[in-house]
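Reproduced below: entry.cif, with mmCIF, C-alpha atoms (C1' of nucleotides).
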```cif
data_upload
#
loop_
_atom_site.label_atom_id
_atom_site.label_comp_id
_atom_site.auth_asym_id
_atom_site.auth_seq_id
_atom_site.Cartn_x
_atom_site.Cartn_y
_atom_site.Cartn_z
CA MET A 1 -5.25 -32.73 7.42
CA SER A 2 -8.47 -31.67 5.73
CA VAL A 3 -8.92 -28.75 8.04
CA GLN A 4 -5.55 -27.33 7.16
CA GLU A 5 -6.26 -27.78 3.48
CA ARG A 6 -9.52 -25.92 3.78
CA LYS A 7 -7.78 -23.06 5.55
CA GLU A 8 -5.15 -22.87 2.87
CA ARG A 9 -7.79 -22.85 0.18
CA GLU A 10 -9.65 -20.06 1.94
CA ARG A 11 -6.45 -18.08 2.19
CA THR A 12 -5.65 -18.30 -1.50
CA ASP A 13 -9.27 -17.47 -2.30
CA ARG A 14 -9.03 -14.38 -0.16
CA GLU A 15 -5.75 -13.41 -1.76
CA ARG A 16 -7.31 -13.66 -5.19
CA LEU A 17 -10.21 -11.58 -3.93
CA ILE A 18 -7.83 -8.88 -2.75
CA VAL A 19 -6.04 -8.67 -6.09
CA ALA A 20 -9.26 -8.76 -8.09
CA THR A 21 -10.82 -6.08 -5.92
CA ALA A 22 -7.76 -3.87 -6.13
CA ARG A 23 -7.75 -4.20 -9.90
CA GLU A 24 -11.44 -3.46 -10.16
CA LEU A 25 -11.26 -0.48 -7.84
CA ALA A 26 -8.22 0.90 -9.67
CA GLU A 27 -9.90 0.47 -13.03
CA GLN A 28 -13.04 2.20 -11.86
CA GLN A 29 -11.64 5.09 -9.85
CA GLY A 30 -7.89 5.13 -10.45
CA TRP A 31 -5.04 3.88 -8.28
CA ASP A 32 -5.23 6.93 -6.02
CA ALA A 33 -8.59 5.67 -4.84
CA VAL A 34 -7.14 2.28 -3.93
CA THR A 35 -6.29 2.89 -0.31
CA THR A 36 -5.74 0.13 2.18
CA ARG A 37 -8.85 1.26 4.07
CA ARG A 38 -11.14 1.23 1.06
CA LEU A 39 -9.69 -2.04 -0.16
CA ALA A 40 -10.20 -3.63 3.25
CA GLU A 41 -13.77 -2.41 3.36
CA HIS A 42 -14.52 -3.85 -0.08
CA ILE A 43 -13.28 -7.31 0.84
CA GLU A 44 -15.08 -7.01 4.18
CA TYR A 45 -12.01 -7.51 6.35
CA SER A 46 -9.95 -5.11 8.39
CA GLN A 47 -6.78 -3.49 7.06
CA PRO A 48 -4.24 -5.72 8.83
CA VAL A 49 -5.55 -8.72 6.92
CA LEU A 50 -4.07 -7.21 3.76
CA TYR A 51 -0.68 -7.24 5.41
CA SER A 52 -0.94 -10.93 6.20
CA HIS A 53 -1.04 -11.53 2.44
CA PHE A 54 1.20 -8.77 1.09
CA ARG A 55 4.08 -6.77 2.50
CA GLY A 56 2.30 -3.57 1.57
CA LYS A 57 0.41 -1.71 -1.09
CA ARG A 58 3.31 -1.96 -3.49
CA GLU A 59 3.11 -5.74 -3.50
CA ILE A 60 -0.59 -5.60 -4.23
CA ILE A 61 0.14 -3.42 -7.25
CA GLY A 62 2.77 -5.96 -8.25
CA ALA A 63 0.24 -8.79 -8.04
CA VAL A 64 -2.15 -6.87 -10.29
CA ALA A 65 0.73 -6.27 -12.69
CA LEU A 66 1.51 -9.97 -12.95
CA GLU A 67 -2.11 -10.79 -13.60
CA GLY A 68 -2.20 -8.07 -16.24
CA ALA A 69 0.96 -9.35 -17.91
CA ALA A 70 -0.63 -12.76 -18.32
CA ASP A 71 -3.77 -11.19 -19.76
CA MET A 72 -1.80 -9.06 -22.17
CA ALA A 73 0.31 -11.98 -23.34
CA ALA A 74 -2.85 -13.95 -24.00
CA ALA A 75 -4.44 -11.07 -25.89
CA VAL A 76 -1.36 -10.57 -28.05
CA ARG A 77 -1.05 -14.27 -28.85
CA ALA A 78 -4.73 -14.50 -29.73
CA ALA A 79 -4.45 -11.56 -32.10
CA THR A 80 -1.23 -12.62 -33.80
CA SER A 81 -2.26 -16.21 -34.26
CA ALA A 82 -5.38 -15.05 -36.07
CA ALA A 83 -3.36 -12.99 -38.54
CA HIS A 84 -1.67 -14.33 -41.69
CA GLY A 85 1.83 -13.26 -42.62
CA PRO A 86 4.51 -11.46 -40.63
CA ARG A 87 3.36 -7.98 -41.55
CA ALA A 88 -0.25 -8.63 -40.56
CA ARG A 89 0.90 -10.18 -37.30
CA VAL A 90 2.91 -7.14 -36.36
CA THR A 91 0.07 -4.77 -37.15
CA ALA A 92 -2.31 -6.91 -35.12
CA LEU A 93 0.19 -6.99 -32.27
CA ALA A 94 0.55 -3.22 -32.22
CA ARG A 95 -3.18 -2.59 -32.32
CA THR A 96 -3.83 -5.17 -29.62
CA TYR A 97 -1.12 -3.76 -27.37
CA LEU A 98 -2.44 -0.22 -27.61
CA ASP A 99 -5.98 -1.43 -27.24
CA PHE A 100 -5.09 -3.32 -24.09
CA ALA A 101 -3.39 -0.26 -22.63
CA ALA A 102 -6.38 1.91 -23.45
CA ARG A 103 -8.97 -0.52 -22.12
CA ASN A 104 -7.08 -1.46 -18.96
CA PRO A 105 -5.36 1.75 -17.94
CA ALA A 106 -5.02 0.84 -14.28
CA VAL A 107 -3.55 -2.55 -15.04
CA TYR A 108 -1.20 -1.00 -17.56
CA ASP A 109 -0.11 1.51 -14.94
CA ALA A 110 0.54 -1.29 -12.48
CA MET A 111 2.69 -3.04 -15.06
CA PHE A 112 4.77 -0.14 -16.32
CA ARG A 113 4.17 3.15 -14.61
CA LEU A 114 3.86 2.37 -10.93
CA ASP A 115 6.35 0.69 -8.69
CA GLY A 116 5.14 -2.81 -8.02
CA GLY A 117 8.45 -3.90 -6.60
CA LEU A 118 9.04 -6.33 -9.45
CA ALA A 119 12.36 -7.20 -11.01
CA PHE A 120 12.69 -6.59 -14.74
CA ALA A 121 15.16 -7.64 -17.36
CA GLN A 122 16.92 -9.80 -14.81
CA GLU A 123 17.20 -13.42 -13.94
CA ASP A 124 14.73 -13.25 -11.10
CA THR A 125 12.09 -11.57 -13.25
CA PRO A 126 8.72 -13.24 -12.57
CA GLU A 127 7.59 -15.70 -15.21
CA PRO A 128 4.48 -13.81 -16.42
CA LEU A 129 6.61 -10.78 -17.29
CA LYS A 130 9.17 -12.83 -19.18
CA ASP A 131 6.35 -14.58 -20.98
CA ALA A 132 4.68 -11.32 -21.98
CA PHE A 133 7.93 -10.17 -23.53
CA ALA A 134 8.23 -13.56 -25.21
CA ALA A 135 4.77 -13.10 -26.71
CA LEU A 136 5.96 -9.87 -28.31
CA LEU A 137 9.20 -11.46 -29.43
CA GLU A 138 7.41 -14.31 -31.22
CA SER A 139 5.92 -12.01 -33.82
CA LEU A 140 8.39 -9.16 -33.77
CA GLY A 141 11.42 -11.40 -34.15
CA GLU A 142 10.16 -12.31 -37.62
CA VAL A 143 10.50 -8.75 -38.88
CA ALA A 144 13.69 -7.62 -37.13
CA GLY A 145 15.61 -7.70 -40.40
CA ASP A 146 18.97 -9.21 -41.23
CA GLY A 147 21.76 -8.65 -38.76
CA VAL A 148 19.49 -7.17 -36.14
CA HIS A 149 19.16 -9.00 -32.86
CA PRO A 150 15.49 -9.99 -32.43
CA GLY A 151 15.54 -9.16 -28.74
CA LEU A 152 16.90 -5.70 -29.35
CA PHE A 153 14.38 -5.08 -32.10
CA THR A 154 11.58 -6.20 -29.82
CA GLU A 155 12.76 -3.82 -27.13
CA VAL A 156 12.72 -0.87 -29.52
CA PHE A 157 9.34 -1.73 -30.97
CA TRP A 158 7.92 -2.29 -27.51
CA ALA A 159 9.34 1.03 -26.30
CA ALA A 160 7.67 2.80 -29.21
CA LEU A 161 4.33 1.19 -28.38
CA HIS A 162 4.79 2.03 -24.73
CA GLY A 163 5.49 5.64 -25.59
CA LEU A 164 2.42 5.89 -27.78
CA ALA A 165 0.28 4.26 -25.08
CA THR A 166 1.40 6.48 -22.23
CA LEU A 167 1.58 9.76 -24.12
CA THR A 168 -1.82 9.22 -25.65
CA ARG A 169 -3.46 8.43 -22.37
CA ALA A 170 -1.79 11.35 -20.61
CA GLY A 171 -3.30 13.68 -23.20
CA ARG A 172 0.09 14.44 -24.71
CA LEU A 173 -0.90 13.11 -28.13
CA PRO A 174 -4.23 13.89 -29.80
CA PRO A 175 -6.13 10.60 -30.07
CA GLU A 176 -7.62 11.14 -33.51
CA TYR A 177 -4.55 10.10 -35.51
CA ALA A 178 -3.77 7.00 -33.44
CA GLU A 179 -4.28 4.65 -36.37
CA GLN A 180 -1.99 6.61 -38.69
CA ARG A 181 0.73 6.51 -36.04
CA VAL A 182 0.50 2.76 -35.78
CA GLU A 183 0.71 2.37 -39.54
CA LEU A 184 3.71 4.65 -39.75
CA LEU A 185 5.42 2.77 -36.95
CA VAL A 186 4.85 -0.64 -38.49
CA ASP A 187 5.75 0.58 -42.00
CA ARG A 188 9.08 1.94 -40.91
CA LEU A 189 10.22 -0.40 -38.17
CA ALA A 190 9.19 -3.78 -39.51
CA VAL A 191 11.24 -5.33 -42.29
CA VAL A 192 8.73 -7.31 -44.29
CA MET B 1 5.54 52.90 -6.48
CA SER B 2 9.02 51.76 -5.60
CA VAL B 3 7.86 49.91 -2.53
CA GLN B 4 5.34 47.91 -4.49
CA GLU B 5 7.92 47.12 -7.12
CA ARG B 6 10.32 45.83 -4.52
CA LYS B 7 7.63 43.62 -3.04
CA GLU B 8 6.75 42.24 -6.43
CA ARG B 9 10.40 41.50 -7.12
CA GLU B 10 10.76 39.74 -3.80
CA ARG B 11 7.70 37.67 -4.56
CA THR B 12 8.94 36.50 -7.93
CA ASP B 13 12.33 35.76 -6.40
CA ARG B 14 10.70 33.62 -3.78
CA GLU B 15 8.59 31.85 -6.38
CA ARG B 16 11.72 31.02 -8.34
CA LEU B 17 13.29 29.78 -5.12
CA ILE B 18 10.36 27.47 -4.50
CA VAL B 19 10.53 25.96 -7.98
CA ALA B 20 14.31 25.62 -7.90
CA THR B 21 14.21 24.01 -4.46
CA ALA B 22 11.47 21.62 -5.47
CA ARG B 23 13.45 20.62 -8.54
CA GLU B 24 16.64 20.16 -6.57
CA LEU B 25 14.96 18.16 -3.84
CA ALA B 26 13.17 15.97 -6.37
CA GLU B 27 16.37 15.36 -8.28
CA GLN B 28 18.24 14.42 -5.12
CA GLN B 29 15.69 12.29 -3.31
CA GLY B 30 12.80 11.73 -5.72
CA TRP B 31 9.41 13.38 -5.92
CA ASP B 32 8.06 11.35 -3.02
CA ALA B 33 10.47 13.24 -0.78
CA VAL B 34 9.13 16.58 -1.99
CA THR B 35 6.45 17.20 0.61
CA THR B 36 5.03 20.61 1.34
CA ARG B 37 6.54 20.48 4.81
CA ARG B 38 10.04 19.66 3.65
CA LEU B 39 9.83 22.16 0.82
CA ALA B 40 8.68 24.88 3.20
CA GLU B 41 11.50 24.08 5.57
CA HIS B 42 14.09 24.29 2.79
CA ILE B 43 12.97 27.72 1.66
CA GLU B 44 12.74 28.77 5.31
CA TYR B 45 9.08 29.73 5.24
CA SER B 46 5.99 28.02 6.58
CA GLN B 47 3.80 25.77 4.46
CA PRO B 48 0.98 28.24 3.76
CA VAL B 49 3.43 30.49 1.92
CA LEU B 50 3.63 27.85 -0.80
CA TYR B 51 -0.10 28.16 -1.28
CA SER B 52 0.12 31.90 -1.80
CA HIS B 53 2.21 31.16 -4.90
CA PHE B 54 0.70 27.92 -6.15
CA ARG B 55 -2.69 26.29 -5.87
CA GLY B 56 -1.08 23.15 -4.56
CA LYS B 57 1.68 20.62 -5.02
CA ARG B 58 0.49 19.77 -8.51
CA GLU B 59 1.09 23.31 -9.70
CA ILE B 60 4.60 23.25 -8.29
CA ILE B 61 5.28 20.11 -10.30
CA GLY B 62 3.84 21.89 -13.31
CA ALA B 63 6.20 24.83 -12.81
CA VAL B 64 9.18 22.47 -12.67
CA ALA B 65 7.89 20.81 -15.84
CA LEU B 66 7.76 24.12 -17.71
CA GLU B 67 11.27 24.99 -16.64
CA GLY B 68 12.41 21.54 -17.73
CA ALA B 69 10.72 21.88 -21.11
CA ALA B 70 12.63 25.08 -21.78
CA ASP B 71 15.88 23.41 -20.74
CA MET B 72 15.23 20.42 -22.94
CA ALA B 73 14.33 22.54 -25.93
CA ALA B 74 17.57 24.46 -25.50
CA ALA B 75 19.61 21.27 -25.17
CA VAL B 76 18.05 19.77 -28.28
CA ARG B 77 18.57 22.92 -30.34
CA ALA B 78 22.17 23.19 -29.20
CA ALA B 79 22.86 19.59 -30.20
CA THR B 80 21.10 19.69 -33.56
CA SER B 81 22.60 22.98 -34.63
CA ALA B 82 26.06 21.59 -34.03
CA ALA B 83 25.42 18.63 -36.32
CA HIS B 84 25.73 18.64 -40.10
CA GLY B 85 23.14 17.00 -42.28
CA PRO B 86 19.63 15.72 -41.49
CA ARG B 87 20.72 12.28 -40.44
CA ALA B 88 23.35 13.55 -38.02
CA ARG B 89 20.85 16.02 -36.59
CA VAL B 90 18.33 13.30 -35.85
CA THR B 91 20.92 11.11 -34.18
CA ALA B 92 22.12 14.02 -32.08
CA LEU B 93 18.53 14.82 -31.18
CA ALA B 94 17.81 11.29 -30.04
CA ARG B 95 20.96 11.04 -27.97
CA THR B 96 20.39 14.43 -26.39
CA TYR B 97 16.79 13.63 -25.55
CA LEU B 98 17.66 10.36 -23.84
CA ASP B 99 20.61 11.94 -22.13
CA PHE B 100 18.42 14.71 -20.77
CA ALA B 101 15.90 12.19 -19.45
CA ALA B 102 18.65 10.17 -17.81
CA ARG B 103 20.42 13.13 -16.25
CA ASN B 104 17.26 14.90 -15.05
CA PRO B 105 14.93 12.09 -14.07
CA ALA B 106 12.85 14.16 -11.68
CA VAL B 107 12.35 16.94 -14.20
CA TYR B 108 11.49 14.41 -16.87
CA ASP B 109 8.94 12.86 -14.51
CA ALA B 110 7.42 16.26 -13.88
CA MET B 111 7.10 16.80 -17.61
CA PHE B 112 5.68 13.48 -18.70
CA ARG B 113 4.96 11.04 -15.90
CA LEU B 114 3.41 13.08 -13.13
CA ASP B 115 0.31 15.19 -13.22
CA GLY B 116 1.39 18.82 -13.29
CA GLY B 117 -2.06 20.02 -14.25
CA LEU B 118 -0.82 21.23 -17.63
CA ALA B 119 -2.75 21.22 -20.87
CA PHE B 120 -1.20 19.30 -23.75
CA ALA B 121 -1.84 19.14 -27.45
CA GLN B 122 -4.40 21.89 -27.11
CA GLU B 123 -4.69 25.56 -27.82
CA ASP B 124 -4.06 26.60 -24.23
CA THR B 125 -0.90 24.54 -23.98
CA PRO B 126 1.79 26.64 -22.26
CA GLU B 127 4.36 28.14 -24.61
CA PRO B 128 7.42 26.23 -23.29
CA LEU B 129 5.74 22.91 -24.06
CA LYS B 130 4.76 23.93 -27.55
CA ASP B 131 8.26 25.21 -28.11
CA ALA B 132 9.85 21.98 -26.91
CA PHE B 133 7.75 20.07 -29.41
CA ALA B 134 8.73 22.63 -32.03
CA ALA B 135 12.40 22.01 -31.27
CA LEU B 136 11.87 18.32 -32.03
CA LEU B 137 9.86 19.11 -35.14
CA GLU B 138 12.58 21.32 -36.60
CA SER B 139 14.98 18.43 -37.08
CA LEU B 140 12.54 15.54 -37.35
CA GLY B 141 10.39 17.21 -39.98
CA GLU B 142 13.35 16.99 -42.36
CA VAL B 143 13.34 13.20 -42.29
CA ALA B 144 9.62 12.44 -42.20
CA GLY B 145 9.69 11.20 -45.76
CA ASP B 146 7.42 12.01 -48.67
CA GLY B 147 3.71 12.07 -47.99
CA VAL B 148 4.14 11.79 -44.26
CA HIS B 149 2.90 14.65 -42.12
CA PRO B 150 5.90 16.09 -40.23
CA GLY B 151 3.87 16.58 -37.08
CA LEU B 152 2.67 13.01 -37.08
CA PHE B 153 6.17 11.73 -37.73
CA THR B 154 7.51 13.83 -34.86
CA GLU B 155 4.84 12.41 -32.55
CA VAL B 156 5.81 8.85 -33.39
CA PHE B 157 9.53 9.48 -33.08
CA TRP B 158 9.00 11.33 -29.82
CA ALA B 159 6.84 8.51 -28.46
CA ALA B 160 9.59 6.02 -29.27
CA LEU B 161 12.15 8.12 -27.44
CA HIS B 162 9.80 8.55 -24.53
CA GLY B 163 9.26 4.82 -24.33
CA LEU B 164 12.99 4.14 -24.38
CA ALA B 165 13.58 6.78 -21.72
CA THR B 166 10.92 5.59 -19.29
CA LEU B 167 11.43 1.86 -19.75
CA THR B 168 15.17 2.18 -19.38
CA ARG B 169 14.94 4.20 -16.23
CA ALA B 170 12.33 1.92 -14.70
CA GLY B 171 14.72 -0.99 -15.17
CA ARG B 172 12.55 -2.56 -17.85
CA LEU B 173 15.30 -2.37 -20.46
CA PRO B 174 18.92 -3.33 -19.79
CA PRO B 175 20.99 -0.16 -20.16
CA GLU B 176 23.99 -1.69 -21.87
CA TYR B 177 22.52 -1.72 -25.40
CA ALA B 178 21.09 1.79 -25.26
CA GLU B 179 23.27 3.02 -28.08
CA GLN B 180 22.30 0.18 -30.40
CA ARG B 181 18.65 0.89 -29.77
CA VAL B 182 19.09 4.51 -30.75
CA GLU B 183 20.89 3.55 -33.93
CA LEU B 184 18.22 1.06 -34.86
CA LEU B 185 15.51 3.59 -34.21
CA VAL B 186 17.11 6.30 -36.31
CA ASP B 187 18.04 3.88 -39.09
CA ARG B 188 14.52 2.65 -39.48
CA LEU B 189 12.36 5.67 -38.72
CA ALA B 190 14.27 8.48 -40.41
CA VAL B 191 14.13 8.77 -44.17
CA VAL B 192 17.51 10.20 -45.10
"C1'" DC C 1 5.87 60.71 15.03
"C1'" DT C 2 2.06 58.02 16.01
"C1'" DC C 3 -1.91 55.59 14.92
"C1'" DG C 4 -4.99 52.48 12.33
"C1'" DC C 5 -5.29 49.27 8.84
"C1'" DT C 6 -3.94 46.41 5.21
"C1'" DT C 7 -0.98 42.89 4.00
"C1'" DG C 8 1.62 39.12 4.86
"C1'" DT C 9 3.03 35.17 7.70
"C1'" DC C 10 2.58 31.74 11.16
"C1'" DT C 11 0.53 28.35 14.46
"C1'" DA C 12 -2.48 24.85 14.90
"C1'" DG C 13 -5.46 21.61 13.14
"C1'" DC C 14 -8.55 18.79 9.76
"C1'" DG C 15 -9.27 14.56 7.39
"C1'" DG C 16 -6.71 11.50 4.95
"C1'" DT C 17 -2.60 8.09 4.01
"C1'" DG C 18 0.33 3.43 4.76
"C1'" DC C 19 1.34 0.57 8.28
"C1'" DT C 20 1.57 -1.96 13.06
"C1'" DA C 21 1.35 -3.28 18.24
"C1'" DG C 22 -1.36 -5.47 21.24
"C1'" DA C 23 -6.05 -6.77 22.65
"C1'" DA C 24 -9.79 -9.75 21.66
"C1'" DT C 25 -11.93 -13.51 19.53
"C1'" DC C 26 -12.40 -17.76 17.19
"C1'" DG C 27 -12.01 -22.68 16.50
"C1'" DA C 28 -9.53 -27.15 16.57
"C1'" DA C 29 -7.82 -30.73 19.59
"C1'" DT C 30 -7.91 -32.69 23.85
"C1'" DA D 1 -16.27 -28.38 28.10
"C1'" DT D 2 -11.79 -26.43 28.27
"C1'" DT D 3 -7.51 -25.10 26.75
"C1'" DC D 4 -4.52 -22.80 23.79
"C1'" DG D 5 -2.63 -21.45 19.40
"C1'" DA D 6 -3.93 -19.07 15.26
"C1'" DT D 7 -6.46 -15.41 13.41
"C1'" DT D 8 -8.66 -11.02 13.21
"C1'" DC D 9 -9.78 -6.59 15.01
"C1'" DT D 10 -9.41 -2.08 17.50
"C1'" DA D 11 -6.76 1.68 18.16
"C1'" DG D 12 -3.03 4.32 17.19
"C1'" DC D 13 1.55 6.09 15.07
"C1'" DA D 14 3.84 9.36 11.98
"C1'" DC D 15 3.18 11.41 7.97
"C1'" DC D 16 0.59 13.58 3.94
"C1'" DG D 17 -1.85 17.91 1.33
"C1'" DC D 18 -4.21 21.68 2.60
"C1'" DT D 19 -6.54 25.68 5.31
"C1'" DA D 20 -8.87 28.72 9.05
"C1'" DG D 21 -7.95 32.00 12.06
"C1'" DA D 22 -4.58 34.28 15.18
"C1'" DC D 23 -0.84 37.26 14.93
"C1'" DA D 24 2.83 40.59 13.45
"C1'" DA D 25 4.92 43.80 10.34
"C1'" DG D 26 5.00 47.72 7.58
"C1'" DC D 27 2.54 51.08 4.94
"C1'" DG D 28 -0.10 55.71 4.37
"C1'" DA D 29 -2.78 59.25 6.74
"C1'" DG D 30 -3.24 62.67 10.16
#
```
Spit out the file's structure as structure tokens when you get a sec.
Amino acid sequence: MSVQERKERERTDRERLIVATARELAEQQGWDAVTTRRLAEHIEYSQPVLYSHFRGKREIIGAVALEGAADMAAAVRAATSAAHGPRARVTALARTYLDFAARNPAVYDAMFRLDGGLAFAQEDTPEPLKDAFAALLESLGEVAGDGVHPGLFTEVFWAALHGLATLTRAGRLPPEYAEQRVELLVDRLAVV
Amino acid sequence: MSVQERKERERTDRERLIVATARELAEQQGWDAVTTRRLAEHIEYSQPVLYSHFRGKREIIGAVALEGAADMAAAVRAATSAAHGPRARVTALARTYLDFAARNPAVYDAMFRLDGGLAFAQEDTPEPLKDAFAALLESLGEVAGDGVHPGLFTEVFWAALHGLATLTRAGRLPPEYAEQRVELLVDRLAVV
DNA sequence: CTCGCTTGTCTAGCGGTGCTAGAATCGAAT
DNA sequence: ATTCGATTCTAGCACCGCTAGACAAGCGAG
């Protein structure tokens, strides 16, 4: 059975290579540049090989999104666990979130702007997505305030961060006052 | 000069037809369905005619976005002017904004999600966009609170609304608690 | 009223996209 | 060494945004 195991291993390796290459290519030249032809060329296989791993381009975007969600959750947890006190944790969370979106625009797009064919806010939502939301909830739930459902508060705070991230990157908000916006947001929304 | 005037009038009529058709088609079947071929067929001209009015598809999206910005500004002003008191105005503004995004998803996409080739937050920003922001500022500036720049406050509030609008429509936020989210947002952000 | 010319529109086509059917090749087991 | 199933590739489909060059319509001049 060793032969079969080797083949399976090679397949998962190749799948990882596809996702990593797609992410890299998207980060370097934008998602528009990630065509099935270019992607196939980069991994040194022909196009149809992609379709033996994924149903189509959308699923590849979805795979990048899941990877990104795990990364973001890790980044947020690292930042919040290094901060002392609820207020400091929330500020760190907000800065880290916006920083992640700014540094990984293609991954962020895969997660929230593009259609990766993923289920959200449902029972069959993939684990990494639920966990990323949980990472936000851990720190934001502390400052929801009395009588406010932590989940609802997290949704609102997250939406505000998402709006800042997307509008800033799309050139809709001038970048120079980014820090003041974060401070205002945390000051007003969080109940310390 | 009457002949030339007639031709000019016909041209602007046709341009309006193109924009209106693009908007309609996008609203009915999504922007992916708005191809230059289909659009040309709907207006009963050949494709190249589109390019005698616009540089390309992007500019058509931009034209829809400008039209949408004017519509949104009007909707917001109508709602806020019918409300009494700063707090009521802000609530009405938030509801109207989210309602507009939900009822005109394609137009909202043209304004904020797609690339319409428009300048933002700059001097050469088209008038309708500046005016739409101004419409938000008129009511939001009242509740920015002492020592907080009204423009900055408007940006943050707008970003929060934008985040709620996009995440809700993308299925990232369950729609049933939309009203509670708005109330929480207004409660916390606005200084009455 | 007719002619020439400008102006406007269309047909046809380019290089690209996501995706797939069927041919060709590889490699494991006999 | 040969067979045969699994794997990969070549070639192609229908569609995309966009454009060059052929064609027709309608104007002003004679």
(request) Find, counting all atoms listed in the file, the residue in A:Glu44, A:Glu142, A:Glu5, A:Asp131 that gets nearest to chain D. (result)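 The answer is A:Glu44, which sits nearest to chain D.
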(request) Name all residues at most 9 Å from B:Glu67 (count all atoms listed in the file; drop same-chain ones fewer than 3 positions away) and give them as a PyMOL selection string. (result) chain B and resi 19+62-64+70-72+107+128
(message) Residues of chain B were defined as contacting chain C if any atom lay at most 12 Å from it, counting only C-alpha atoms (C1' of nucleotides); please report them as a list of chain:residue names.
(response)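 Those within range of chain C come out as B:Gln4, B:Lys7, B:Arg11, B:Glu44, B:Tyr45, B:Ser46, B:Gln47, B:Pro48, B:Val49, B:Leu50, B:Tyr51, B:Ser52.
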(message) What would the selection look like, as a list in words, if the PyMOL selection byres ((chain D) within 10 of (chain B)) were run on the coordinates I just shared?
(response) DC15, DC16, DG17, DC18, DT19 and DC27 of chain D
Okay, now the selection with C-alpha atoms (C1' of nucleotides), as a short mmCIF file (atom, residue, chain, number, x, y, z; two decimals), in the coordinates of the input?
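Writing done, so here's result_2.cif:
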```
data_model
loop_
_atom_site.label_atom_id
_atom_site.label_comp_id
_atom_site.auth_asym_id
_atom_site.auth_seq_id
_atom_site.Cartn_x
_atom_site.Cartn_y
_atom_site.Cartn_z
"C1'" DC D 15 3.18 11.41 7.97
"C1'" DC D 16 0.59 13.58 3.94
"C1'" DG D 17 -1.85 17.91 1.33
"C1'" DC D 18 -4.21 21.68 2.60
"C1'" DT D 19 -6.54 25.68 5.31
"C1'" DC D 27 2.54 51.08 4.94
#
```
(request) Mind giving me the straight-line distance from atom CA of B:Gly147 to atom CA of B:Val186 in Å, one decimal? (result) 18.7 Å
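Among the candidate residues A:Ala178, A:Thr168, A:His162, A:His84, the one lying nearest to chain B is A:His162, with distances computed using all atoms listed in the file.
Evaluated against the shown file, the PyMOL selection byres ((chain B) within 6 of (chain A)) gives Phe120, Ala121, Ala159, Ala160, His162, Gly163, Leu164, Gly171, Arg172, Arg188 and Leu189 of chain B.
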Export of prior selection with C-alpha atoms as a short mmCIF file (atom, residue, chain, number, x, y, z; two decimals), in the coordinates of the input:
```cif
data_model
loop_
_atom_site.label_atom_id
_atom_site.label_comp_id
_atom_site.auth_asym_id
_atom_site.auth_seq_id
_atom_site.Cartn_x
_atom_site.Cartn_y
_atom_site.Cartn_z
CA PHE B 120 -1.20 19.30 -23.75
CA ALA B 121 -1.84 19.14 -27.45
CA ALA B 159 6.84 8.51 -28.46
CA ALA B 160 9.59 6.02 -29.27
CA HIS B 162 9.80 8.55 -24.53
CA GLY B 163 9.26 4.82 -24.33
CA LEU B 164 12.99 4.14 -24.38
CA GLY B 171 14.72 -0.99 -15.17
CA ARG B 172 12.55 -2.56 -17.85
CA ARG B 188 14.52 2.65 -39.48
CA LEU B 189 12.36 5.67 -38.72
#
```
(request) Please indicate the distance in Å from atom CA of A:Ser81 to atom CA of A:Asn104, rounded to one decimal place. (result) 21.8 Å
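Here atom CA of A:Leu66 stands at a distance of 10.3 Å from atom CA of A:Lys130.
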(message) Quick check on the file I pasted: which residues fall under the PyMOL selection byres ((chain A and resi 74) around 12)? Write them as a PyMOL selection string.
(response) chain A and resi 67-73+75-81+93+96-97+100+128+131-136
Please return stretch 46-53 of chain B, rebuilt to N, CA and C atoms, as a compact mmCIF listing (two decimals), in the coordinates of the input.
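part.txt, freshly written:
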```txt
# COMPACT_ATOMS: atom_id res chain seq x y z
N SER B 46 6.97 29.02 6.15
CA SER B 46 5.99 28.02 6.58
C SER B 46 5.19 27.52 5.37
N GLN B 47 4.55 26.39 5.55
CA GLN B 47 3.80 25.77 4.46
C GLN B 47 2.84 26.71 3.73
N PRO B 48 2.00 27.45 4.46
CA PRO B 48 0.98 28.24 3.76
C PRO B 48 1.56 29.21 2.73
N VAL B 49 2.81 29.59 2.90
CA VAL B 49 3.43 30.49 1.92
C VAL B 49 3.42 29.85 0.53
N LEU B 50 3.64 28.55 0.49
CA LEU B 50 3.63 27.85 -0.80
C LEU B 50 2.29 28.06 -1.51
N TYR B 51 1.24 28.08 -0.71
CA TYR B 51 -0.10 28.16 -1.28
C TYR B 51 -0.48 29.58 -1.68
N SER B 52 0.35 30.54 -1.31
CA SER B 52 0.12 31.90 -1.80
C SER B 52 0.78 32.08 -3.17
N HIS B 53 1.59 31.11 -3.58
CA HIS B 53 2.21 31.16 -4.90
C HIS B 53 1.58 30.16 -5.86
```
